[in-house]
Amino acid sequence: MLRFTTSLILMLAVAGLTQVQGQQADSLSARGPAPADAYGIRLGADLSRLLITGLNEDYQGFELVGDYRISEKFYLAAELGNESRRVNELLDNENDVNIQSLYDITSRGSYLKAGLDYNTYTNWYGMNNQIIVGARAAFSSFRTDLDSYSYFNSNRYWNPDGFQPGPDAPVELDGLSAAWIELLLGVKAELFANIYMGASVRLGMLVSRTESDRMPHLWIPGFNRVTDGSSFGVGFNYTISYFLPLYRKARENPTQDD
């Protein structure tokens, strides 16, 4: 919840910056003929995954992001990443005694997301800020290392005070995959010439998955934690990217911003 709240605060801050830039461009537009809009490709990286990698020893990950403008409002967009996450579920009580690990797993793999972004923000000429609604089709291929686990044994003779520990030898569950649809809300603002800062909040819904018969998915690279009995997951990213203009194109309805 803290990460989700932080994402919303940052998105509102960047959205406010785009509004200020629009007001500043109001006076500039009256000084002469407005140029055509720049079209091109924007490439960057997710800063949040790099930060979490440095702060959390149980996580490693990176994500590359990119988009390509195909019309005045629409962008082709994609994300490519790799993540590894250890999940250790502990069983304890209010007195913090007899703490026991139910399972200790590490999931690692790669993912690809591709789709469309729609810019709801109307820019002045020469600007390319965005308030985005978008959708992605996503796929992840990964494996899960089951390092240890415990199970409940109804025969309490040998283990009366806790769960029965499983085998000591780690088990590698490979060939796992998942596919999902993702909806997103985000912002991107030009901080300096062709340098953009962005943020987005994402809601994913699993549509298919290939699981091992040993255990269900607990964490999927690119999707995040999997909740028992639910197909939905929440994610976010904070990005910095560089825009490479390739050509310019006149607006379809230039009178709306004159």
# chains A, B, ... in the order shown; residues from 1 in each chain; ligands from 1

$ residues_around --residues "range 60-63 of chain A" --least-positions-apart "2" --cutoff "7 Å" --atoms "only C-alpha atoms" --output "number ranges by chain"
A: 45-46, 49-50, 53, 65, 79-85

$ residues_around --residues "Ile70 in chain A" --least-positions-apart "2" --cutoff "10 Å" --atoms "only C-alpha atoms" --output "PyMOL selection string"
chain A and resi 39-41+67-68+72-76+116

$ closest_residue --among "A:Val87, A:Asn123, A:Ile195, A:Arg42" --to "Leu244 in chain A" --atoms "only C-alpha atoms"
A:Arg42

$ closest_residue --among "A:Lys113, A:His217, A:Arg108, A:Arg248" --to "Ser141 in chain A" --atoms "only C-alpha atoms"
A:Arg108

$ select_by_dssp --residues "range 36-115 of chain A" --states "helix (DSSP H, G or I)" --output "compact mmCIF listing (two decimals) with N, CA, C and O atoms, in the first residue's frame"
# COMPACT_ATOMS: atom_id res chain seq x y z
N LEU A 47 13.77 3.16 -12.82
CA LEU A 47 14.65 3.46 -11.69
C LEU A 47 14.25 2.73 -10.42
O LEU A 47 15.09 2.42 -9.58
N SER A 48 12.96 2.41 -10.26
CA SER A 48 12.50 1.79 -9.02
C SER A 48 13.08 0.40 -8.84
O SER A 48 13.47 0.01 -7.73
N ARG A 49 13.19 -0.37 -9.92
CA ARG A 49 13.74 -1.72 -9.80
C ARG A 49 15.23 -1.68 -9.46
O ARG A 49 15.73 -2.51 -8.71
N LEU A 50 15.94 -0.70 -10.01
CA LEU A 50 17.35 -0.56 -9.68
C LEU A 50 17.53 -0.15 -8.21
O LEU A 50 18.44 -0.63 -7.53
N LEU A 51 16.65 0.72 -7.72
CA LEU A 51 16.72 1.15 -6.32
C LEU A 51 16.42 0.00 -5.37
O LEU A 51 17.13 -0.21 -4.38
N ILE A 52 15.36 -0.78 -5.68
CA ILE A 52 15.00 -1.90 -4.81
C ILE A 52 16.10 -2.95 -4.82
O ILE A 52 16.39 -3.57 -3.79
N THR A 53 16.76 -3.15 -5.97
CA THR A 53 17.87 -4.09 -6.04
C THR A 53 18.98 -3.70 -5.07
O THR A 53 19.59 -4.56 -4.42
N GLY A 54 19.25 -2.40 -4.95
CA GLY A 54 20.29 -1.94 -4.05
C GLY A 54 19.90 -1.99 -2.58
O GLY A 54 20.77 -2.10 -1.72
N LEU A 55 18.59 -1.92 -2.28
CA LEU A 55 18.14 -1.85 -0.90
C LEU A 55 17.66 -3.17 -0.33
O LEU A 55 17.66 -3.37 0.89

$ residues_around --residues "Trp180 in chain A" --least-positions-apart "3" --cutoff "12 Å" --atoms "only C-alpha atoms" --output "number ranges by chain"
A: 111-114, 135-140, 177, 183, 202-209, 220-224, 231-234

$ select_by_dssp --residues "range 35-229 of chain A" --states "strand (DSSP E)" --output "ChimeraX atom specification"
/A:37-46,59-69,74-91,100-119,130-151,164-165,171-192,195-210,219-220,224-225

$ atom_distance --atom1 "CA of Ala78 in chain A" --atom2 "CA of Leu64 in chain A"
8.4 Å

$ closest_residue --among "A:Val201, A:Glu182, A:Arg225, A:Lys188" --to "Thr239 in chain A" --atoms "only C-alpha atoms"
A:Lys188

$ atom_distance --atom1 "CA of Arg214 in chain A" --atom2 "CA of Leu146 in chain A"
9.5 Å

$ atom_distance --atom1 "CA of Leu246 in chain A" --atom2 "CA of Ala193 in chain A"
14.9 Å
